[in-house]
Amino acid sequence: MRNRLAAILMALLLLVYLVLVTQRAVLLILSGVAIGIAMGIALFVLPVIAAWAIGRELLFGARTERLVRQLEAEGNLPVEDLPTRASGRPLRDAADAQFPEYKAEVEAAPSSWRAWFRLGLAYDASGDRRRAREALRQAIRLERADAKAGERPA
């Protein structure tokens with residue numbers, strides 16, 4: 001819940017930033033000076049990129065949260081029994097020892113979004129955030145494909 005509130009706060013701060021930058025961009029374009037017009041156009045592009053990036057991250061968070069709720073309802077969410085640091089992060093050695101189990105699960109069922117999701121959690125526990133996000137994105141893609149296949153008539 002705390003992470004969700006932090007994400008919402010950051011999105012609101014970004015929105016304020018985008019409004020202020022857009023206002024400055026309009027003023028620069030209306031100045032009629034060539035360099036001002038060029039800077040104004042650049043200021044329009046940067047907020048669009050920032051809005052796209054934050055939108056993508058919020059969507060990723062919402063989709064992973066939905067999958068967590070689904071796994072939890074099914075009773076398939078891994079039990080978090082790893083020893084942790086004072087910060088609450090799992091000890092890397094303990095997480096690394098558990099990792100092969102989740103990797104083998106994906107190798108045995110590469111089209112299972114549940115296996116990919118649990119692998120993503122294992123990567124995250126091991127401290128490999130980049131691979132964790134890749135595995136979670138794969139889980140989202142597979143789950144969406146499963147949902148679409150379920151909607152098709154037989």
# chains A, B, ... in the order shown; residues from 1 in each chain; ligands from 1
>>> select_by_dssp(residues="region 95-137 of chain A", states="helix (DSSP H, G or I)", output="number ranges by chain")
A: 95-108, 113-125, 129-137
>>> residues_around(residues="Phe60 (chain A)", least_positions_apart="6", cutoff="12 Å", atoms="only C-alpha atoms", output="list in words")
Ala7, Ala53, Ile54, Arg66, Leu67, Arg133, Glu134, Leu136, Arg137, Gln138, Ala139, Ile140 and Arg141 of chain A
>>> closest_residue(among="A:Trp52, A:Phe117, A:Tyr17, A:Tyr123", to="Arg69 (chain A)", atoms="only C-alpha atoms")
A:Phe117
>>> closest_residue(among="A:Arg144, A:Gln98, A:Ala149, A:Ser126", to="Arg63 (chain A)", atoms="only C-alpha atoms")
A:Arg144
>>> atom_distance(atom1="CA of Asp124 (chain A)", atom2="CA of Phe99 (chain A)")
10.2 Å
>>> atom_distance(atom1="CA of Thr84 (chain A)", atom2="CA of Gly127 (chain A)")
12.5 Å
>>> closest_atom_pairs(of="region 42-84 of chain A", to="region 18-23 of chain A", cutoff="12 Å", atoms="only C-alpha atoms", output="tab-separated table")
residue	atom	partner	partner_atom	distance
A:Ala42	CA	A:Thr22	CA	10.3
A:Leu43	CA	A:Val21	CA	6.5
A:Phe44	CA	A:Thr22	CA	6.2
A:Val45	CA	A:Thr22	CA	9.6
A:Leu46	CA	A:Val21	CA	8.9
A:Pro47	CA	A:Leu18	CA	5.6
A:Val48	CA	A:Leu18	CA	8.5
A:Ile49	CA	A:Leu18	CA	10.5
A:Ala50	CA	A:Leu18	CA	8.3
A:Ala51	CA	A:Leu18	CA	8.0
A:Trp52	CA	A:Leu18	CA	11.7
A:Ile54	CA	A:Leu18	CA	11.6
>>> closest_residue(among="A:Arg131, A:Arg56, A:Arg24, A:Arg118", to="Gly40 (chain A)", atoms="only C-alpha atoms")
A:Arg24
>>> closest_residue(among="A:Lys148, A:Leu71, A:Glu80, A:Arg129", to="Ala115 (chain A)", atoms="only C-alpha atoms")
A:Leu71
>>> decode(residues="region 68-113 of chain A", atoms="N, CA and C atoms", output="short mmCIF file (atom, residue, chain, number, x, y, z; two decimals), in the first residue's frame")
data_model
loop_
_atom_site.label_atom_id
_atom_site.label_comp_id
_atom_site.auth_asym_id
_atom_site.auth_seq_id
_atom_site.Cartn_x
_atom_site.Cartn_y
_atom_site.Cartn_z
N VAL A 68 -0.70 -10.64 -8.81
CA VAL A 68 -0.45 -11.04 -7.42
C VAL A 68 -1.77 -11.42 -6.75
N ARG A 69 -2.79 -10.60 -6.94
CA ARG A 69 -4.09 -10.91 -6.33
C ARG A 69 -4.65 -12.23 -6.86
N GLN A 70 -4.47 -12.48 -8.16
CA GLN A 70 -4.97 -13.72 -8.74
C GLN A 70 -4.21 -14.93 -8.18
N LEU A 71 -2.87 -14.83 -8.12
CA LEU A 71 -2.09 -15.94 -7.56
C LEU A 71 -2.43 -16.16 -6.09
N GLU A 72 -2.63 -15.08 -5.37
CA GLU A 72 -2.97 -15.18 -3.95
C GLU A 72 -4.33 -15.87 -3.78
N ALA A 73 -5.31 -15.52 -4.61
CA ALA A 73 -6.63 -16.13 -4.54
C ALA A 73 -6.57 -17.62 -4.87
N GLU A 74 -5.66 -17.99 -5.77
CA GLU A 74 -5.50 -19.40 -6.14
C GLU A 74 -4.66 -20.17 -5.12
N GLY A 75 -3.98 -19.47 -4.23
CA GLY A 75 -3.08 -20.11 -3.29
C GLY A 75 -1.75 -20.48 -3.90
N ASN A 76 -1.38 -19.84 -5.03
CA ASN A 76 -0.14 -20.15 -5.73
C ASN A 76 0.96 -19.12 -5.52
N LEU A 77 0.74 -18.16 -4.65
CA LEU A 77 1.76 -17.16 -4.38
C LEU A 77 2.82 -17.78 -3.47
N PRO A 78 4.09 -17.65 -3.84
CA PRO A 78 5.14 -18.26 -3.01
C PRO A 78 5.13 -17.69 -1.59
N VAL A 79 5.42 -18.55 -0.64
CA VAL A 79 5.49 -18.13 0.76
C VAL A 79 6.80 -17.39 0.96
N GLU A 80 6.73 -16.23 1.58
CA GLU A 80 7.93 -15.44 1.82
C GLU A 80 8.53 -15.85 3.17
N ASP A 81 9.33 -16.90 3.17
CA ASP A 81 9.92 -17.39 4.40
C ASP A 81 11.44 -17.21 4.43
N LEU A 82 11.95 -16.36 3.54
CA LEU A 82 13.39 -16.13 3.50
C LEU A 82 13.82 -15.23 4.65
N PRO A 83 15.01 -15.47 5.20
CA PRO A 83 15.52 -14.54 6.20
C PRO A 83 15.77 -13.18 5.55
N THR A 84 15.56 -12.13 6.30
CA THR A 84 15.66 -10.78 5.74
C THR A 84 16.68 -9.92 6.48
N ARG A 85 17.09 -8.87 5.79
CA ARG A 85 17.93 -7.85 6.41
C ARG A 85 17.05 -6.93 7.24
N ALA A 86 17.66 -5.99 7.91
CA ALA A 86 16.90 -5.02 8.70
C ALA A 86 15.98 -4.20 7.80
N SER A 87 16.37 -4.01 6.55
CA SER A 87 15.57 -3.23 5.60
C SER A 87 14.33 -3.98 5.12
N GLY A 88 14.28 -5.29 5.36
CA GLY A 88 13.15 -6.10 4.91
C GLY A 88 13.45 -6.85 3.64
N ARG A 89 14.55 -6.55 2.97
CA ARG A 89 14.95 -7.27 1.75
C ARG A 89 15.49 -8.64 2.13
N PRO A 90 15.19 -9.66 1.34
CA PRO A 90 15.69 -11.01 1.63
C PRO A 90 17.22 -11.06 1.55
N LEU A 91 17.81 -11.93 2.35
CA LEU A 91 19.25 -12.16 2.25
C LEU A 91 19.53 -12.83 0.91
N ARG A 92 20.50 -12.30 0.20
CA ARG A 92 20.75 -12.76 -1.17
C ARG A 92 21.12 -14.24 -1.23
N ASP A 93 21.94 -14.72 -0.30
CA ASP A 93 22.34 -16.13 -0.32
C ASP A 93 21.13 -17.05 -0.19
N ALA A 94 20.21 -16.70 0.69
CA ALA A 94 19.01 -17.53 0.88
C ALA A 94 18.13 -17.47 -0.37
N ALA A 95 18.00 -16.29 -0.96
CA ALA A 95 17.19 -16.14 -2.17
C ALA A 95 17.83 -16.90 -3.33
N ASP A 96 19.16 -16.82 -3.44
CA ASP A 96 19.86 -17.53 -4.52
C ASP A 96 19.70 -19.04 -4.39
N ALA A 97 19.65 -19.53 -3.16
CA ALA A 97 19.50 -20.98 -2.94
C ALA A 97 18.12 -21.46 -3.39
N GLN A 98 17.12 -20.60 -3.29
CA GLN A 98 15.76 -20.97 -3.67
C GLN A 98 15.51 -20.76 -5.18
N PHE A 99 16.35 -19.97 -5.82
CA PHE A 99 16.16 -19.57 -7.22
C PHE A 99 16.04 -20.75 -8.20
N PRO A 100 16.90 -21.79 -8.13
CA PRO A 100 16.82 -22.88 -9.12
C PRO A 100 15.45 -23.56 -9.19
N GLU A 101 14.75 -23.59 -8.08
CA GLU A 101 13.41 -24.19 -8.06
C GLU A 101 12.47 -23.44 -9.02
N TYR A 102 12.52 -22.13 -8.98
CA TYR A 102 11.64 -21.32 -9.83
C TYR A 102 12.10 -21.32 -11.29
N LYS A 103 13.41 -21.38 -11.50
CA LYS A 103 13.93 -21.46 -12.87
C LYS A 103 13.52 -22.78 -13.51
N ALA A 104 13.61 -23.87 -12.75
CA ALA A 104 13.22 -25.19 -13.26
C ALA A 104 11.73 -25.21 -13.58
N GLU A 105 10.93 -24.52 -12.79
CA GLU A 105 9.49 -24.47 -13.03
C GLU A 105 9.19 -23.81 -14.39
N VAL A 106 9.92 -22.74 -14.72
CA VAL A 106 9.74 -22.06 -16.01
C VAL A 106 10.23 -22.95 -17.15
N GLU A 107 11.35 -23.63 -16.94
CA GLU A 107 11.88 -24.52 -17.98
C GLU A 107 10.91 -25.67 -18.26
N ALA A 108 10.22 -26.12 -17.22
CA ALA A 108 9.27 -27.22 -17.39
C ALA A 108 7.96 -26.75 -18.05
N ALA A 109 7.59 -25.51 -17.79
CA ALA A 109 6.33 -24.97 -18.35
C ALA A 109 6.57 -23.54 -18.84
N PRO A 110 7.24 -23.37 -19.98
CA PRO A 110 7.59 -22.03 -20.45
C PRO A 110 6.40 -21.17 -20.87
N SER A 111 5.23 -21.75 -21.04
CA SER A 111 4.06 -20.96 -21.41
C SER A 111 3.17 -20.65 -20.21
N SER A 112 3.64 -20.95 -19.01
CA SER A 112 2.86 -20.69 -17.80
C SER A 112 3.19 -19.30 -17.24
N TRP A 113 2.20 -18.42 -17.24
CA TRP A 113 2.44 -17.09 -16.70
C TRP A 113 2.70 -17.17 -15.20
#
